[in-house]
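A.B. asks: CSV, C-alpha atoms, saved as protein31.csv, coming up:
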```csv
chain,number,residue,atom,x,y,z
A,1,MET,CA,10.3,17.1,-21.9
A,2,GLU,CA,12.4,16.6,-25.0
A,3,PRO,CA,13.3,13.4,-26.8
A,4,LEU,CA,16.7,11.8,-26.3
A,5,GLU,CA,19.1,13.4,-28.7
A,6,HIS,CA,21.7,11.6,-30.9
A,7,VAL,CA,20.1,8.2,-30.3
A,8,PRO,CA,19.9,5.9,-33.3
A,9,TRP,CA,16.2,5.3,-33.8
A,10,PRO,CA,14.3,3.1,-34.2
A,11,PRO,CA,16.4,0.3,-32.7
A,12,GLU,CA,15.8,-3.4,-33.6
A,13,PRO,CA,12.9,-4.7,-31.5
A,14,ILE,CA,14.0,-5.5,-28.0
A,15,LYS,CA,13.0,-9.0,-26.8
A,16,SER,CA,12.7,-9.8,-23.1
A,17,GLU,CA,11.5,-13.1,-21.6
A,18,ARG,CA,7.9,-12.5,-22.5
A,19,LEU,CA,7.7,-9.1,-24.3
A,20,VAL,CA,8.8,-7.2,-27.3
A,21,LEU,CA,9.6,-3.5,-27.1
A,22,ARG,CA,9.4,-1.8,-30.4
A,23,GLU,CA,8.5,1.5,-32.2
A,24,ALA,CA,4.7,2.3,-32.4
A,25,GLU,CA,2.9,1.1,-35.6
A,26,GLY,CA,-0.5,2.0,-37.0
A,27,ARG,CA,-2.0,-1.2,-35.6
A,28,ASP,CA,-1.4,0.2,-32.1
A,29,ARG,CA,-3.7,3.2,-32.4
A,30,THR,CA,-6.7,1.5,-30.8
A,31,ALA,CA,-4.6,0.3,-27.9
A,32,PHE,CA,-3.2,3.8,-27.4
A,33,ILE,CA,-6.7,5.3,-27.3
A,34,GLU,CA,-7.7,2.6,-24.8
A,35,LEU,CA,-4.6,3.4,-22.7
A,36,LEU,CA,-5.1,7.2,-22.7
A,37,ALA,CA,-8.8,7.1,-22.1
A,38,SER,CA,-8.7,4.6,-19.2
A,39,PRO,CA,-9.6,6.2,-15.8
A,40,GLU,CA,-7.7,3.4,-14.0
A,41,VAL,CA,-4.5,3.9,-16.1
A,42,ASN,CA,-4.6,7.7,-15.7
A,43,ALA,CA,-5.6,7.9,-12.0
A,44,TYR,CA,-2.2,9.2,-11.0
A,45,VAL,CA,-1.2,11.1,-14.1
A,46,GLY,CA,-3.8,13.8,-14.5
A,47,GLY,CA,-6.9,11.7,-15.5
A,48,PRO,CA,-8.1,10.2,-18.7
A,49,ARG,CA,-8.6,12.0,-21.9
A,50,PRO,CA,-12.0,11.8,-23.6
A,51,ARG,CA,-12.2,8.9,-26.1
A,52,ALA,CA,-13.9,11.1,-28.8
A,53,GLU,CA,-11.1,13.6,-28.5
A,54,LEU,CA,-8.4,10.9,-28.8
A,55,GLU,CA,-10.2,9.4,-31.8
A,56,ARG,CA,-10.0,12.8,-33.5
A,57,GLU,CA,-6.6,13.9,-32.5
A,58,LEU,CA,-4.4,10.8,-32.2
A,59,PRO,CA,-2.3,10.3,-35.4
A,60,GLU,CA,-2.6,7.0,-37.3
A,61,THR,CA,0.8,6.0,-35.9
A,62,PRO,CA,1.2,7.5,-32.4
A,63,GLU,CA,4.3,8.3,-30.4
A,64,ARG,CA,7.1,7.8,-32.8
A,65,TRP,CA,10.2,9.4,-31.3
A,66,PRO,CA,13.5,8.1,-29.7
A,67,GLY,CA,12.7,6.6,-26.3
A,68,SER,CA,9.1,5.8,-26.9
A,69,PHE,CA,8.5,2.0,-26.9
A,70,VAL,CA,5.4,-0.1,-27.3
A,71,ALA,CA,5.3,-3.1,-25.0
A,72,GLU,CA,3.9,-6.0,-27.0
A,73,LEU,CA,2.7,-9.3,-25.6
A,74,ASP,CA,1.8,-12.1,-28.1
A,75,GLY,CA,1.5,-9.6,-30.9
A,76,ALA,CA,-0.7,-7.0,-29.1
A,77,MET,CA,0.2,-3.7,-27.4
A,78,ILE,CA,-0.3,-3.9,-23.7
A,79,GLY,CA,1.6,-0.7,-22.7
A,80,GLN,CA,4.1,2.0,-23.4
A,81,VAL,CA,7.5,2.8,-21.9
A,82,LEU,CA,8.9,6.3,-22.3
A,83,LEU,CA,12.4,7.7,-21.9
A,84,ARG,CA,12.7,11.4,-22.4
A,85,ARG,CA,15.1,14.1,-21.5
A,86,ALA,CA,13.6,16.0,-18.5
A,87,THR,CA,14.5,19.5,-19.7
A,88,GLY,CA,11.4,21.2,-18.3
A,89,HIS,CA,11.0,19.2,-15.1
A,90,ARG,CA,9.6,20.9,-12.0
A,91,ARG,CA,12.5,19.8,-9.8
A,92,PRO,CA,16.1,21.0,-10.4
A,93,SER,CA,17.5,17.6,-9.3
A,94,ALA,CA,15.7,16.0,-12.4
A,95,THR,CA,16.4,18.6,-15.0
A,96,GLY,CA,18.5,17.3,-17.9
A,97,LYS,CA,18.4,13.7,-16.8
A,98,ALA,CA,16.5,11.0,-18.7
A,99,ASP,CA,13.0,10.5,-17.3
A,100,LEU,CA,11.4,7.1,-17.3
A,101,GLY,CA,7.6,6.8,-17.6
A,102,TYR,CA,5.2,3.9,-18.3
A,103,LEU,CA,1.6,3.2,-18.8
A,104,PHE,CA,0.0,-0.3,-19.1
A,105,LEU,CA,-3.5,-1.5,-19.8
A,106,PRO,CA,-5.3,-2.8,-16.7
A,107,ARG,CA,-5.6,-6.3,-18.1
A,108,ALA,CA,-1.7,-6.4,-18.1
A,109,TRP,CA,-1.4,-5.4,-14.4
A,110,GLY,CA,-0.1,-7.8,-11.8
A,111,PHE,CA,2.0,-10.0,-14.1
A,112,GLY,CA,5.3,-8.2,-13.9
A,113,TYR,CA,5.1,-6.9,-17.4
A,114,ALA,CA,5.8,-3.3,-16.5
A,115,ALA,CA,8.9,-4.3,-14.6
A,116,GLU,CA,10.1,-6.5,-17.4
A,117,ALA,CA,9.5,-3.8,-20.1
A,118,CYS,CA,11.0,-1.0,-18.1
A,119,ALA,CA,14.1,-3.1,-17.3
A,120,ALA,CA,14.5,-3.9,-21.0
A,121,ALA,CA,14.1,-0.2,-22.0
A,122,LEU,CA,16.7,0.8,-19.3
A,123,GLY,CA,19.1,-1.9,-20.6
A,124,TRP,CA,18.7,-0.4,-24.1
A,125,PHE,CA,19.2,3.1,-22.7
A,126,ASP,CA,22.4,2.0,-20.9
A,127,GLY,CA,23.7,0.7,-24.1
A,128,VAL,CA,23.1,3.8,-26.2
A,129,LEU,CA,23.8,6.4,-23.5
A,130,PRO,CA,26.1,4.8,-20.9
A,131,GLY,CA,26.5,6.5,-17.6
A,132,GLU,CA,23.4,8.8,-18.1
A,133,GLN,CA,21.3,9.3,-15.0
A,134,VAL,CA,17.6,8.4,-15.1
A,135,VAL,CA,14.8,9.8,-12.9
A,136,LEU,CA,11.3,8.6,-12.3
A,137,THR,CA,8.4,10.7,-10.9
A,138,THR,CA,5.2,9.3,-9.5
A,139,GLN,CA,2.5,10.3,-7.0
A,140,SER,CA,3.4,9.1,-3.5
A,141,ALA,CA,-0.1,7.6,-3.3
A,142,ASN,CA,0.7,5.2,-6.2
A,143,VAL,CA,2.0,2.3,-4.2
A,144,SER,CA,2.4,0.0,-7.2
A,145,SER,CA,4.5,2.5,-9.0
A,146,LEU,CA,6.7,3.0,-5.9
A,147,ARG,CA,7.3,-0.7,-5.6
A,148,LEU,CA,8.2,-0.9,-9.3
A,149,ALA,CA,10.6,2.1,-8.9
A,150,ALA,CA,12.4,0.2,-6.1
A,151,LYS,CA,12.6,-3.0,-8.1
A,152,LEU,CA,14.1,-1.0,-11.0
A,153,GLY,CA,16.8,0.4,-8.7
A,154,PHE,CA,15.4,3.9,-8.1
A,155,ALA,CA,16.0,5.6,-4.7
A,156,GLU,CA,14.0,8.5,-3.4
A,157,VAL,CA,15.6,11.9,-4.0
A,158,GLU,CA,12.8,14.1,-2.7
A,159,ARG,CA,9.0,14.5,-2.4
A,160,PHE,CA,7.2,17.6,-3.6
A,161,GLU,CA,3.8,19.0,-4.2
A,162,ALA,CA,2.6,19.3,-7.8
A,163,TRP,CA,-0.6,18.7,-9.7
A,164,GLY,CA,-2.6,18.8,-6.5
A,165,ALA,CA,-0.8,15.8,-4.9
A,166,GLU,CA,2.5,14.8,-3.3
A,167,GLN,CA,5.0,13.5,-5.9
A,168,TRP,CA,7.9,11.2,-5.4
A,169,LEU,CA,11.1,11.7,-7.4
A,170,GLY,CA,13.6,8.9,-7.6
A,171,LEU,CA,17.0,8.5,-9.2
A,172,ARG,CA,18.3,5.2,-10.5
A,173,VAL,CA,21.2,4.2,-8.3
A,174,SER,CA,21.7,0.7,-9.7
A,175,SER,CA,21.0,-1.1,-13.0
A,176,PRO,CA,17.7,-3.0,-13.0
A,177,ALA,CA,17.8,-6.5,-11.6
A,178,VAL,CA,14.2,-7.5,-12.2
A,179,GLN,CA,13.2,-11.1,-11.6
```
Show me the file's structure as structure tokens.

C.D. replies:
Amino acid sequence: MEPLEHVPWPPEPIKSERLVLREAEGRDRTAFIELLASPEVNAYVGGPRPRAELERELPETPERWPGSFVAELDGAMIGQVLLRRATGHRRPSATGKADLGYLFLPRAWGFGYAAEACAAALGWFDGVLPGEQVVLTTQSANVSSLRLAAKLGFAEVERFEAWGAEQWLGLRVSSPAVQ
């Protein structure tokens, strides 16, 4: 997938009720390693990466490109929200659209932070690329992600097999109204 083109970056930090969405900084590296090495976080996205490999390969300031947001709570990174152009998507119905992804540390689960952060990122997206369609792909078995997709206004387009599991592809049909 490709970054969003022609988007002014980085934006001013985006403040939601409890979170700040901002560009990655060097102080986030440890949290990125924790996020990418976590078996719980990566259960539905191909599995965790080895911590030693991440320590060697992750740049000092990770993931700095248009559409990549750190979700910060009380000054600390708790997750990441990604918006990228789905140029190489496995499904023709997603190709060329923006693709929403998110990963949050397990200690941040169950508090609505992912919904709040994704809604804020989608609000930013609507402001910089009005009228653009957004898709979201998750494993059908990831019930929490399916609930979040519905809360964010995504409706099922299709299900398909990939990466050894059934995948769910949704298209955002309404702006997020997360509570």

A.B. asks: Of the candidates A:Phe69, A:Tyr102, A:Trp163, A:Phe111, which one gets nearest to Pro10 of chain A if we count all atoms listed in the file?

C.D. replies: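 Counting all atoms listed in the file, the residue closest to Pro10 of chain A is A:Phe69.
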
A.B. asks: Just checking: using all atoms listed in the file, which residue out of A:Ser38, A:Gly96, A:Ala141, A:Pro66 ends up closest to Val128 of chain A?

C.D. replies: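 With all atoms listed in the file as the atom set, the closest residue is A:Pro66.
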
A.B. asks: List the residues sitting within 6 Å of (21.0, 8.9, -26.7) in the file's frame, using only C-alpha atoms, as a PyMOL selection string.

C.D. replies: chain A and resi 4-7+128-129

A.B. asks: Rank nothing, just name the residue among A:Leu58, A:Ala165, A:Leu136, A:Ala43 nearest to Gly101 of chain A, using all atoms listed in the file.

C.D. replies: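 Checking each of A:Leu58, A:Ala165, A:Leu136, A:Ala43 against Gly101 of chain A, counting all atoms listed in the file, the winner is A:Leu136.
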
A.B. asks: Report, in Å with one decimal, the straight-line distance from atom CA of Glu161 of chain A to atom CA of Gln139 of chain A.

C.D. replies: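 About the pair atom CA of Glu161 of chain A and atom CA of Gln139 of chain A: they are 9.2 Å apart.
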
A.B. asks: When you look at segment 14-29 of chain A with a cut-off of 10 Å (counting all atoms listed in the file), what residues show up, excluding the ones that are within fewer than 5 positions of it in the same chain? I need them as number ranges by chain.

C.D. replies: A: 9, 34-35, 54-55, 58-81, 112-114, 116-121, 123-124

A.B. asks: Atom CA of Gly164 of chain A and atom CA of Pro92 of chain A, how far apart in Å?

C.D. replies: 19.2 Å

A.B. asks: Need the neighbours of (18.0, 11.2, -18.4): which residues are at most 8 Å away, counting all atoms listed in the file, as a list of chain:residue names?

C.D. replies: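 Here the neighbourhood of the point contains A:Leu83, A:Arg84, A:Arg85, A:Ala86, A:Gly96, A:Lys97, A:Ala98, A:Asp99, A:Leu100, A:Glu132, A:Gln133, A:Val134, A:Val135.
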
A.B. asks: At what distance in Å, to one decimal, does atom CA of Arg91 of chain A lie from atom CA of Pro130 of chain A?

C.D. replies: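 Atom-to-atom, atom CA of Pro130 of chain A and atom CA of Arg91 of chain A are spaced 23.1 Å apart.
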